[in-house]
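Structure below is protein.txt: compact mmCIF, C-alpha atoms.
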# COMPACT_ATOMS: atom_id res chain seq x y z
CA MET A 25 -14.72 37.29 -29.79
CA THR A 26 -17.45 34.74 -29.11
CA GLU A 27 -18.93 34.82 -25.60
CA ARG A 28 -21.58 32.82 -23.81
CA ASP A 29 -23.04 32.59 -20.33
CA PRO A 30 -20.29 31.28 -18.01
CA ARG A 31 -22.88 29.67 -15.75
CA SER A 32 -24.46 27.46 -18.38
CA THR A 33 -23.96 25.42 -21.53
CA GLY A 34 -26.21 24.66 -24.42
CA ASN A 35 -28.18 22.18 -22.35
CA GLY A 36 -28.78 24.75 -19.61
CA GLN A 37 -26.58 22.98 -17.06
CA ALA A 38 -23.68 24.45 -15.11
CA PRO A 39 -21.33 23.35 -12.36
CA PRO A 40 -22.53 24.19 -8.84
CA ASP A 41 -20.84 26.84 -6.71
CA VAL A 42 -17.52 26.27 -4.97
CA ARG A 43 -19.00 25.14 -1.67
CA GLU A 44 -21.29 22.59 -3.32
CA MET A 45 -18.51 21.27 -5.54
CA LEU A 46 -16.18 20.83 -2.58
CA SER A 47 -18.93 19.27 -0.49
CA ARG A 48 -19.66 16.66 -3.15
CA LEU A 49 -15.98 15.90 -3.74
CA VAL A 50 -15.26 15.44 -0.04
CA ALA A 51 -18.27 13.13 0.30
CA ILE A 52 -16.71 10.60 -2.12
CA PRO A 53 -14.10 8.31 -0.51
CA SER A 54 -11.06 8.15 -2.80
CA ILE A 55 -8.29 6.94 -0.49
CA SER A 56 -5.23 5.45 -2.12
CA SER A 57 -3.12 3.11 -0.06
CA ALA A 58 -0.74 0.20 -0.40
CA SER A 59 -3.12 -1.61 1.96
CA PRO A 60 -6.08 -3.18 0.10
CA ASP A 61 -8.22 -2.64 3.21
CA TRP A 62 -7.94 1.13 2.72
CA ASP A 63 -7.62 1.51 -1.04
CA HIS A 64 -10.53 2.94 -3.08
CA SER A 65 -11.22 3.54 -6.75
CA ASN A 66 -11.01 7.20 -7.77
CA GLU A 67 -13.44 6.72 -10.67
CA PRO A 68 -16.44 8.43 -8.99
CA VAL A 69 -14.35 11.58 -8.37
CA VAL A 70 -13.01 11.59 -11.92
CA ARG A 71 -16.48 11.19 -13.43
CA LEU A 72 -17.93 13.96 -11.28
CA LEU A 73 -15.15 16.36 -12.32
CA ALA A 74 -15.66 15.35 -15.94
CA GLU A 75 -19.39 16.08 -15.66
CA TRP A 76 -18.80 19.59 -14.34
CA LEU A 77 -16.07 20.35 -16.88
CA GLU A 78 -18.20 19.08 -19.76
CA GLN A 79 -20.85 21.57 -18.70
CA LEU A 80 -18.29 24.32 -19.32
CA GLY A 81 -17.44 22.99 -22.77
CA PHE A 82 -14.32 20.96 -21.92
CA ARG A 83 -13.51 17.78 -23.86
CA ASN A 84 -12.92 14.89 -21.48
CA GLU A 85 -10.63 11.90 -21.75
CA ILE A 86 -10.88 9.38 -18.91
CA LEU A 87 -7.76 7.23 -19.09
CA PRO A 88 -7.38 3.93 -17.17
CA VAL A 89 -4.07 3.63 -15.34
CA PRO A 90 -2.41 0.49 -16.76
CA GLY A 91 -2.28 -2.41 -14.35
CA MET A 92 -4.39 -0.64 -11.72
CA PRO A 93 -8.06 -1.62 -11.92
CA GLY A 94 -10.41 1.13 -10.76
CA LYS A 95 -7.79 3.89 -11.13
CA TYR A 96 -8.17 6.65 -13.72
CA ASN A 97 -6.62 9.88 -14.91
CA LEU A 98 -8.74 12.69 -16.35
CA VAL A 99 -7.48 15.00 -19.08
CA SER A 100 -10.06 17.72 -19.69
CA THR A 101 -9.32 20.28 -22.40
CA LEU A 102 -10.86 23.61 -23.36
CA GLY A 103 -9.64 25.06 -26.64
CA SER A 104 -6.79 23.82 -28.80
CA GLY A 105 -3.27 24.68 -29.82
CA PRO A 106 0.35 23.62 -29.33
CA GLY A 107 0.91 25.39 -25.99
CA GLY A 108 -1.41 26.19 -23.15
CA LEU A 109 -1.74 25.80 -19.41
CA VAL A 110 -2.32 22.69 -17.29
CA LEU A 111 -3.93 23.02 -13.86
CA SER A 112 -3.14 19.73 -12.19
CA GLY A 113 -4.12 17.91 -9.03
CA HIS A 114 -4.58 14.43 -7.60
CA THR A 115 -7.98 12.95 -6.85
CA ASP A 116 -6.95 10.66 -3.99
CA THR A 117 -6.53 11.27 -0.27
CA VAL A 118 -4.59 9.57 2.50
CA PRO A 119 -6.29 7.23 5.00
CA TYR A 120 -7.83 8.74 8.13
CA ASP A 121 -8.49 7.97 11.79
CA ASP A 122 -12.11 8.95 12.39
CA GLN A 123 -11.63 8.68 16.17
CA ARG A 124 -9.37 11.72 16.01
CA TRP A 125 -11.70 13.87 13.88
CA GLN A 126 -14.08 16.32 15.55
CA SER A 127 -16.43 16.08 12.56
CA ASP A 128 -17.26 13.57 9.81
CA PRO A 129 -14.25 13.42 7.43
CA PHE A 130 -16.63 12.93 4.49
CA LYS A 131 -18.93 15.83 5.30
CA LEU A 132 -17.86 19.37 4.50
CA THR A 133 -18.10 21.31 7.76
CA GLU A 134 -17.67 25.06 8.11
CA ARG A 135 -16.47 26.54 11.39
CA GLU A 136 -14.03 29.21 12.53
CA GLY A 137 -13.54 30.50 8.99
CA ARG A 138 -12.50 27.10 7.66
CA PHE A 139 -13.84 24.26 5.56
CA TYR A 140 -13.11 20.94 7.30
CA GLY A 141 -13.12 17.57 5.55
CA LEU A 142 -10.80 14.91 4.16
CA GLY A 143 -9.18 16.34 1.03
CA THR A 144 -10.24 19.96 1.53
CA CYS A 145 -6.61 21.01 1.60
CA ASP A 146 -4.86 18.05 -0.05
CA MET A 147 -6.22 18.52 -2.59
CA LYS A 148 -9.83 18.28 -3.71
CA GLY A 149 -10.31 21.93 -2.84
CA PHE A 150 -8.04 22.91 -5.71
CA PHE A 151 -10.33 21.26 -8.27
CA ALA A 152 -13.35 23.24 -7.09
CA LEU A 153 -11.40 26.49 -7.31
CA ALA A 154 -9.85 25.65 -10.69
CA ILE A 155 -13.28 24.86 -12.15
CA GLU A 156 -14.63 28.11 -10.72
CA ALA A 157 -11.74 30.02 -12.32
CA ALA A 158 -12.37 28.24 -15.63
CA ARG A 159 -15.91 29.62 -15.90
CA GLU A 160 -14.51 32.88 -17.28
CA ALA A 161 -12.35 31.08 -19.84
CA ALA A 162 -15.38 29.08 -20.97
CA THR A 163 -16.97 32.30 -22.26
CA GLN A 164 -14.09 33.18 -24.57
CA SER A 165 -12.17 31.87 -27.56
CA LEU A 166 -8.82 30.72 -26.22
CA LYS A 167 -5.60 31.21 -28.17
CA GLN A 168 -4.03 28.29 -26.32
CA PRO A 169 -5.77 25.43 -24.51
CA LEU A 170 -6.61 25.19 -20.83
CA ILE A 171 -6.24 21.66 -19.47
CA ILE A 172 -7.55 20.42 -16.12
CA LEU A 173 -5.58 17.32 -15.19
CA ALA A 174 -6.77 14.98 -12.41
CA THR A 175 -4.52 12.07 -11.47
CA ALA A 176 -4.78 8.83 -9.52
CA ASP A 177 -2.80 7.51 -6.56
CA GLU A 178 -0.45 10.41 -5.85
CA GLU A 179 -0.57 9.60 -2.14
CA SER A 180 0.62 6.04 -2.60
CA SER A 181 2.38 5.04 -5.82
CA MET A 182 2.35 8.13 -8.10
CA ASN A 183 1.30 5.65 -10.80
CA GLY A 184 -1.25 8.01 -12.31
CA ALA A 185 1.35 10.66 -13.13
CA LYS A 186 3.88 8.02 -14.19
CA ALA A 187 1.37 6.57 -16.66
CA LEU A 188 0.86 10.00 -18.24
CA ALA A 189 4.62 10.56 -18.53
CA GLU A 190 5.09 7.14 -20.13
CA ALA A 191 2.28 7.90 -22.59
CA GLY A 192 3.74 11.34 -23.37
CA TYR A 193 0.40 12.99 -22.65
CA PRO A 194 -1.02 15.64 -22.25
CA LYS A 195 0.84 18.11 -24.41
CA ALA A 196 1.03 21.72 -23.27
CA ARG A 197 3.69 24.24 -22.29
CA TYR A 198 3.05 25.22 -18.67
CA ALA A 199 1.71 23.38 -15.62
CA VAL A 200 0.69 24.49 -12.15
CA ILE A 201 0.19 21.73 -9.58
CA GLY A 202 -2.22 22.93 -6.92
CA GLU A 203 -0.67 21.25 -3.88
CA PRO A 204 -1.10 23.24 -0.64
CA THR A 205 1.61 25.92 -0.50
CA THR A 206 -0.47 28.81 0.98
CA LEU A 207 -0.41 30.27 -2.55
CA LYS A 208 3.35 30.67 -2.53
CA PRO A 209 5.06 29.45 -5.70
CA VAL A 210 7.40 26.48 -5.33
CA ARG A 211 9.98 25.72 -8.01
CA LEU A 212 12.04 23.09 -6.18
CA HIS A 213 11.44 20.09 -3.98
CA LYS A 214 13.48 17.18 -2.73
CA GLY A 215 12.99 13.66 -3.96
CA ILE A 216 12.04 10.73 -1.79
CA MET A 217 13.38 7.18 -1.79
CA MET A 218 12.24 4.44 0.59
CA GLU A 219 14.49 1.39 0.59
CA ARG A 220 14.57 -2.13 2.05
CA LEU A 221 17.80 -3.86 3.03
CA VAL A 222 17.80 -7.52 4.10
CA PHE A 223 20.71 -9.61 5.37
CA GLU A 224 20.28 -13.36 5.75
CA GLY A 225 22.71 -15.67 7.53
CA GLN A 226 22.38 -18.78 9.64
CA SER A 227 20.78 -19.27 13.06
CA GLY A 228 22.53 -21.23 15.78
CA HIS A 229 23.09 -21.52 19.52
CA SER A 230 24.46 -18.28 20.91
CA SER A 231 27.01 -20.13 23.06
CA ASP A 232 29.08 -20.88 19.94
CA PRO A 233 29.27 -18.09 17.32
CA SER A 234 30.79 -20.51 14.81
CA LEU A 235 27.46 -22.32 14.57
CA GLY A 236 25.79 -19.44 12.72
CA ARG A 237 26.20 -16.25 10.71
CA ASN A 238 24.76 -13.25 12.53
CA ALA A 239 22.68 -11.02 10.25
CA LEU A 240 22.14 -8.47 13.02
CA GLU A 241 25.88 -7.93 13.40
CA GLY A 242 26.15 -7.43 9.65
CA MET A 243 23.30 -4.92 9.77
CA ASN A 244 25.06 -3.02 12.54
CA GLU A 245 28.04 -2.53 10.24
CA ALA A 246 25.77 -1.68 7.33
CA MET A 247 24.10 1.08 9.32
CA THR A 248 27.53 2.52 10.10
CA GLU A 249 28.24 2.56 6.36
CA LEU A 250 24.93 4.28 5.66
CA MET A 251 25.66 6.95 8.26
CA ALA A 252 29.08 7.51 6.69
CA LEU A 253 27.43 7.87 3.28
CA ARG A 254 24.97 10.35 4.76
CA SER A 255 27.82 12.48 6.10
CA HIS A 256 29.60 12.28 2.76
CA TRP A 257 26.53 13.40 0.80
CA GLN A 258 25.76 16.18 3.24
CA GLU A 259 29.29 17.53 2.92
CA ARG A 260 29.14 17.49 -0.89
CA HIS A 261 25.55 18.59 -1.55
CA ARG A 262 23.97 21.81 -0.26
CA ASN A 263 21.14 23.94 -1.57
CA PRO A 264 20.39 27.16 0.32
CA ASN A 265 16.86 27.32 -1.15
CA PHE A 266 15.77 24.58 1.27
CA GLU A 267 15.13 24.99 4.97
CA VAL A 268 17.06 21.74 5.47
CA GLN A 269 19.81 22.51 2.99
CA TYR A 270 21.28 19.01 2.66
CA PRO A 271 20.00 15.55 1.70
CA THR A 272 18.67 13.50 4.60
CA LEU A 273 18.84 9.78 5.30
CA ASN A 274 16.66 8.33 8.04
CA LEU A 275 16.92 4.82 9.48
CA GLY A 276 13.22 4.22 9.98
CA CYS A 277 12.69 0.69 11.29
CA ILE A 278 14.61 -2.53 11.86
CA HIS A 279 13.53 -6.11 12.52
CA GLY A 280 15.86 -8.98 13.26
CA GLY A 281 16.20 -12.12 15.28
CA ASP A 282 13.75 -13.86 17.58
CA ASN A 283 15.49 -14.64 20.89
CA PRO A 284 18.52 -13.47 22.90
CA ASN A 285 20.09 -16.94 22.90
CA ARG A 286 19.83 -17.56 19.14
CA ILE A 287 22.16 -16.23 16.50
CA CYS A 288 20.16 -13.85 14.34
CA ALA A 289 19.55 -15.43 10.93
CA ARG A 290 17.70 -12.56 9.29
CA CYS A 291 17.65 -8.77 9.72
CA GLU A 292 15.66 -6.22 7.72
CA LEU A 293 16.14 -2.43 7.68
CA HIS A 294 13.88 0.19 6.10
CA PHE A 295 15.25 3.67 5.51
CA ASP A 296 14.43 6.77 3.52
CA LEU A 297 16.64 9.14 1.57
CA ARG A 298 15.58 12.62 0.42
CA PRO A 299 17.93 13.79 -2.33
CA LEU A 300 18.39 17.34 -3.55
CA PRO A 301 17.88 18.34 -7.19
CA GLY A 302 20.81 17.06 -9.20
CA MET A 303 21.16 13.83 -7.20
CA GLU A 304 20.03 10.93 -9.39
CA MET A 305 18.20 8.11 -7.64
CA SER A 306 19.75 5.34 -9.71
CA GLU A 307 23.25 6.59 -8.91
CA LEU A 308 22.43 6.85 -5.20
CA ARG A 309 21.15 3.28 -5.13
CA GLN A 310 24.24 2.01 -6.90
CA THR A 311 26.49 3.85 -4.45
CA ILE A 312 24.64 2.36 -1.50
CA LEU A 313 24.88 -1.14 -2.95
CA SER A 314 28.61 -0.79 -3.60
CA ARG A 315 29.12 0.10 0.08
CA LEU A 316 26.94 -2.72 1.44
CA GLN A 317 28.07 -5.66 -0.68
CA PRO A 318 31.49 -5.83 1.03
CA VAL A 319 29.74 -5.82 4.42
CA ALA A 320 27.67 -8.83 3.39
CA SER A 321 30.79 -10.62 2.14
CA ARG A 322 32.74 -9.99 5.34
CA HIS A 323 29.94 -11.52 7.41
CA ASP A 324 29.15 -14.30 4.90
CA LEU A 325 25.57 -13.05 4.50
CA SER A 326 23.23 -12.90 1.54
CA LEU A 327 22.05 -9.40 0.68
CA SER A 328 18.79 -8.11 -0.77
CA PHE A 329 18.46 -4.39 -1.51
CA GLU A 330 15.36 -2.99 -3.24
CA PRO A 331 13.06 0.05 -3.23
CA LEU A 332 9.91 -0.13 -1.14
CA PHE A 333 8.43 1.94 -3.97
CA ASP A 334 9.94 3.44 -7.11
CA GLY A 335 10.55 6.79 -5.47
CA VAL A 336 10.00 10.39 -6.55
CA PRO A 337 12.84 12.28 -8.21
CA ALA A 338 13.85 15.70 -6.95
CA PHE A 339 12.36 18.61 -8.90
CA GLU A 340 13.62 22.00 -10.03
CA THR A 341 12.40 24.64 -12.44
CA ALA A 342 14.82 27.43 -13.28
CA ALA A 343 14.43 30.68 -11.34
CA GLU A 344 14.29 32.65 -14.60
CA ALA A 345 11.51 30.51 -16.18
CA GLU A 346 8.49 32.46 -17.45
CA LEU A 347 6.01 30.53 -15.29
CA VAL A 348 8.09 31.26 -12.19
CA ARG A 349 8.30 34.95 -13.06
CA VAL A 350 4.56 35.27 -13.70
CA CYS A 351 3.58 33.47 -10.48
CA GLU A 352 6.00 35.57 -8.46
CA GLU A 353 4.44 38.72 -9.89
CA LEU A 354 0.89 37.52 -9.24
CA THR A 355 1.52 36.42 -5.65
CA GLY A 356 4.18 38.87 -4.50
CA HIS A 357 6.25 35.93 -3.24
CA ARG A 358 9.59 34.69 -4.49
CA ALA A 359 9.42 31.09 -5.65
CA GLY A 360 10.88 28.78 -3.04
CA ALA A 361 11.51 25.17 -2.12
CA VAL A 362 9.72 22.54 -0.03
CA GLY A 363 10.75 19.24 1.50
CA PHE A 364 7.71 17.23 0.39
CA ALA A 365 7.43 15.50 -2.98
CA THR A 366 4.84 16.04 -5.75
CA GLU A 367 3.99 14.85 -9.26
CA ALA A 368 6.04 17.71 -10.73
CA PRO A 369 8.93 15.52 -12.01
CA TRP A 370 6.59 13.57 -14.27
CA LEU A 371 4.97 16.70 -15.70
CA GLN A 372 8.49 17.96 -16.39
CA GLN A 373 9.16 14.72 -18.26
CA LEU A 374 6.25 15.71 -20.52
CA GLY A 375 8.17 18.86 -21.42
CA LEU A 376 6.04 21.17 -19.29
CA GLU A 377 7.49 24.15 -17.47
CA THR A 378 6.17 23.23 -14.04
CA LEU A 379 5.52 24.97 -10.73
CA VAL A 380 3.74 23.92 -7.53
CA MET A 381 1.28 26.41 -6.01
CA GLY A 382 -2.09 26.02 -4.37
CA PRO A 383 -4.38 26.96 -1.50
CA GLY A 384 -4.06 25.63 2.03
CA SER A 385 -1.01 24.66 4.04
CA ILE A 386 0.92 21.41 3.99
CA ASP A 387 0.75 21.63 7.80
CA GLN A 388 -2.94 20.69 7.57
CA ALA A 389 -2.43 17.90 5.04
CA HIS A 390 -2.49 14.28 6.27
CA GLN A 391 -3.87 15.47 9.62
CA PRO A 392 -7.09 14.87 11.55
CA ASP A 393 -9.47 17.80 11.05
CA GLU A 394 -7.87 18.70 7.74
CA PHE A 395 -9.09 22.12 6.66
CA LEU A 396 -8.92 24.86 4.04
CA GLU A 397 -9.03 28.47 5.17
CA LEU A 398 -11.95 30.32 3.58
CA SER A 399 -9.62 33.31 3.22
CA GLN A 400 -7.63 31.32 0.62
CA ILE A 401 -10.59 30.76 -1.72
CA ASP A 402 -11.05 34.12 -3.47
CA PRO A 403 -7.29 34.80 -3.85
CA THR A 404 -6.81 31.37 -5.40
CA ILE A 405 -9.62 31.89 -7.91
CA SER A 406 -8.26 35.34 -8.78
CA ILE A 407 -4.70 34.07 -9.33
CA LEU A 408 -5.88 31.13 -11.43
CA LYS A 409 -8.00 33.43 -13.60
CA LYS A 410 -4.97 35.64 -14.21
CA LEU A 411 -2.81 32.64 -15.07
CA ILE A 412 -5.43 31.46 -17.56
CA ARG A 413 -5.63 34.92 -19.14
CA HIS A 414 -1.85 35.15 -19.44
CA PHE A 415 -1.15 31.70 -20.86
CA CYS A 416 -4.38 30.91 -22.74
CA LEU A 417 -5.81 34.26 -23.89

Could you rewrite the structure in this file as structure tokens?
Amino acid sequence: MTERDPRSTGNGQAPPDVREMLSRLVAIPSISSASPDWDHSNEPVVRLLAEWLEQLGFRNEILPVPGMPGKYNLVSTLGSGPGGLVLSGHTDTVPYDDQRWQSDPFKLTEREGRFYGLGTCDMKGFFALAIEAAREAATQSLKQPLIILATADEESSMNGAKALAEAGYPKARYAVIGEPTTLKPVRLHKGIMMERLVFEGQSGHSSDPSLGRNALEGMNEAMTELMALRSHWQERHRNPNFEVQYPTLNLGCIHGGDNPNRICARCELHFDLRPLPGMEMSELRQTILSRLQPVASRHDLSLSFEPLFDGVPAFETAAEAELVRVCEELTGHRAGAVGFATEAPWLQQLGLETLVMGPGSIDQAHQPDEFLELSQIDPTISILKKLIRHFCL
């Protein structure tokens, strides 16, 4: 077996230590947002990761996300073969409110046994730990490849992962997504759909209802239909793996009308639906539409129903899958379920046996003073090394 110094390459360079890697990653703004005022390119993060991985002997492919200028995916591969392991994460973060932070969000700060900074937990920290774990693999001849995958825009559109699924790339057999799960394996999560419903009628003087067509009254009936659908789905669909065992539907915001003495001509409702595995988004949307079209007809209103974004399908990997079994053995935890969504469905579309597991807690994600517990660092590196040995060596 060929071995070389894990701290260096032929040119004498090597990635820095975990703290320095995380410090440099946190220092680079890479917010993704539907608002152009917040949105950043992730290219500097991708190129920094590629630089460190190249120093360990990885082959880098930096792939533009179609239709999204400044957004890139990174596929970095060590070794070759038809199988192998993907360690996957997203390079972007959510926006932040610096008035609510006790320290600079873009400066790694250590206090109380924690690393604070935007992205420490969700999820730039995972890249630093995955690269650290990969040092050992870089000294050996792998039987199957190790792939570090870094995606764009998970926090907003999921377009980075979607682009990879559409391209059918990368090819491997197993994938671990390092979202914060306190190192507990996750084999299921709910999907998420965010929808917009608009009714349009005719304004008029409120003293004579015949002068107009009231969109707000139509929306009132539509909301009753949505609540009836929610009850129907919750009666039919249960999954005891989830803390909230049934699908949820939340009426999030409504806007309609402009004055008490005018018939409301337009009303818009935004709602979200979180389906369980096995509930197909296209079928759910069609069911909703079939219930709302008669409401629009009864009130003589035009109807517009569309997603606010494409949505994330629900995800499930079988309890008996090899990756699930191995991660359960390594962590001592039975694989469970979470309510938040990840890029896992698109990695599954690539044919990868997929599991979500990473350092930090989702409770700290998307929060002021986001942090990663230092106590999670060494266990994460150890588990990732063992996964690499099992699936690549």

Next on the checklist: Would you pick out the contacts of range 121-129 of chain A at 10 Å or less, using only C-alpha atoms, so that residues sharing its chain but fewer than 3 positions from it are not included, and give the list as a list in words?
Outcome noted: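 Counting only C-alpha atoms, the residues come to Val50, Ala51, Pro53, Leu132, Thr133, Tyr140, Gly141, Leu142, Gly143, Thr144, Gln391, Pro392, Asp393 and Glu394 of chain A.
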
Checklist entry - Can you list, as a PyMOL selection string, every protein, DNA or RNA residue that comes within 12 Å of His114 in chain A when you count all atoms listed in the file, leaving out same-chain residues fewer than 2 positions away? => result chain A and resi 54-56+66+69-70+73+95-99+111-112+116-118+143+145-151+172-185+201-204+366-368

Checklist entry - Restricting the calculation to all atoms listed in the file, which member of A:Leu396, A:Ala161, A:Leu313, A:Gly215 is positioned closest to Arg135 in chain A? => result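 When distances to Arg135 in chain A are compared using all atoms listed in the file, the smallest one comes from A:Leu396.
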
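For the atom pair formed by CA of Ser57 in chain A and CA of Pro119 in chain A, the distance is 7.3 Å, given to one decimal.
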
Axis-aligned box over every listed atom of range 334-351 of chain A, padded by 4 Å per side: centre and edges in Å to one decimal, as JSON?
{"center_x": 9.2, "center_y": 19.4, "center_z": -11.5, "size_x": 19.2, "size_y": 39.8, "size_z": 20.0}

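With all atoms listed in the file as the atoms that count, the residue of A:Val210, A:Leu398, A:Met303, A:Ala152 with the shortest distance to Arg48 in chain A is A:Ala152.
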
Checklist entry - What is the CA of Val336 in chain A-CA of Leu275 in chain A distance in Å, reported with one decimal? => result 18.3 Å

Item to check | Counting only C-alpha atoms, the residue of A:Glu219, A:Ala191, A:Phe415, A:Gly242 that sits nearest Arg309 in chain A | outcome: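 Looking only at the distances to Arg309 in chain A, the closest residue turns out to be A:Glu219.
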
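Of the listed residues A:Ile312, A:Ala239, A:Ile52, A:Leu273, the one whose atoms come nearest to Glu292 in chain A is A:Ala239, with distances taken using all atoms listed in the file.
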
Checklist entry - Which residue gives the smallest distance to Ser165 in chain A among A:Arg413, A:Arg260, A:Arg71, A:Lys214, with all atoms listed in the file counted? => result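 So, comparing all the options, the nearest one is A:Arg413.
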
Next on the checklist: Using Å and a single decimal, report how far CA of Arg290 in chain A sits from CA of Met217 in chain A.
Outcome noted: 23.0 Å

Checklist entry - Which neighbours of Gly360 in chain A fall inside 9 Å, counting all atoms listed in the file, when residues of the same chain fewer than 3 positions from it are skipped, and could you give them as a list of chain:residue names? => result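 Here the qualifying residues turn out to be A:Lys208, A:Pro209, A:Val210, A:Arg211, A:Leu212, A:His213, A:Asn265, A:Phe266, A:His357.
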
Item to check | Residue neighbourhood Leu188 in chain A, 9 Å, all atoms listed in the file, exclusion window fewer than 6 positions, as a list in words | outcome: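 So the residues in contact are Val89, Asn97, Thr175, Pro194, Trp370, Leu371 and Leu374 of chain A.
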
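The residue that comes closest to Ser406 in chain A, out of A:Arg43, A:Arg237, A:Arg159, A:Arg83 and on the basis of all atoms listed in the file, is A:Arg159.
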
Checklist entry - Around (14.8, 17.6, 4.7) in the file's own coordinates, what residues are found within 7 Å if you use all atoms listed in the file, given back as a PyMOL selection string? => result chain A and resi 268+270-272+298+363

Please build the interface table for range 107-226 of chain A against range 316-331 of chain A with a cut-off of 10 Å, listing for each qualifying residue the nearest atom pair and the distance in Å to one decimal; count all atoms listed in the file, order rows by chain and increasing number, and write it as a Markdown table.
| residue | atom | partner | partner_atom | distance |
| --- | --- | --- | --- | --- |
| A:Met217 | CA | A:Pro331 | CA | 7.3 |
| A:Met218 | CA | A:Pro331 | CA | 5.9 |
| A:Glu219 | CA | A:Pro331 | CA | 4.3 |
| A:Arg220 | CA | A:Glu330 | CA | 5.4 |
| A:Leu221 | CA | A:Phe329 | CA | 4.6 |
| A:Val222 | CA | A:Ser328 | CA | 5.0 |
| A:Phe223 | CA | A:Leu327 | CA | 4.9 |
| A:Glu224 | CA | A:Ser326 | CA | 5.2 |
| A:Gly225 | CA | A:Leu325 | CA | 4.9 |
| A:Gln226 | CA | A:Leu325 | CA | 8.3 |

Checklist entry - Could you name the residues that touch Gly375 in chain A at 9 Å or less, counting all atoms listed in the file, but leaving out those on the same chain fewer than 3 positions away, as a list in words? => result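 Residues meeting the cut-off are Gly192, Lys195, Ala196, Arg197, Tyr198, Leu371, Gln372 and Thr378 of chain A.
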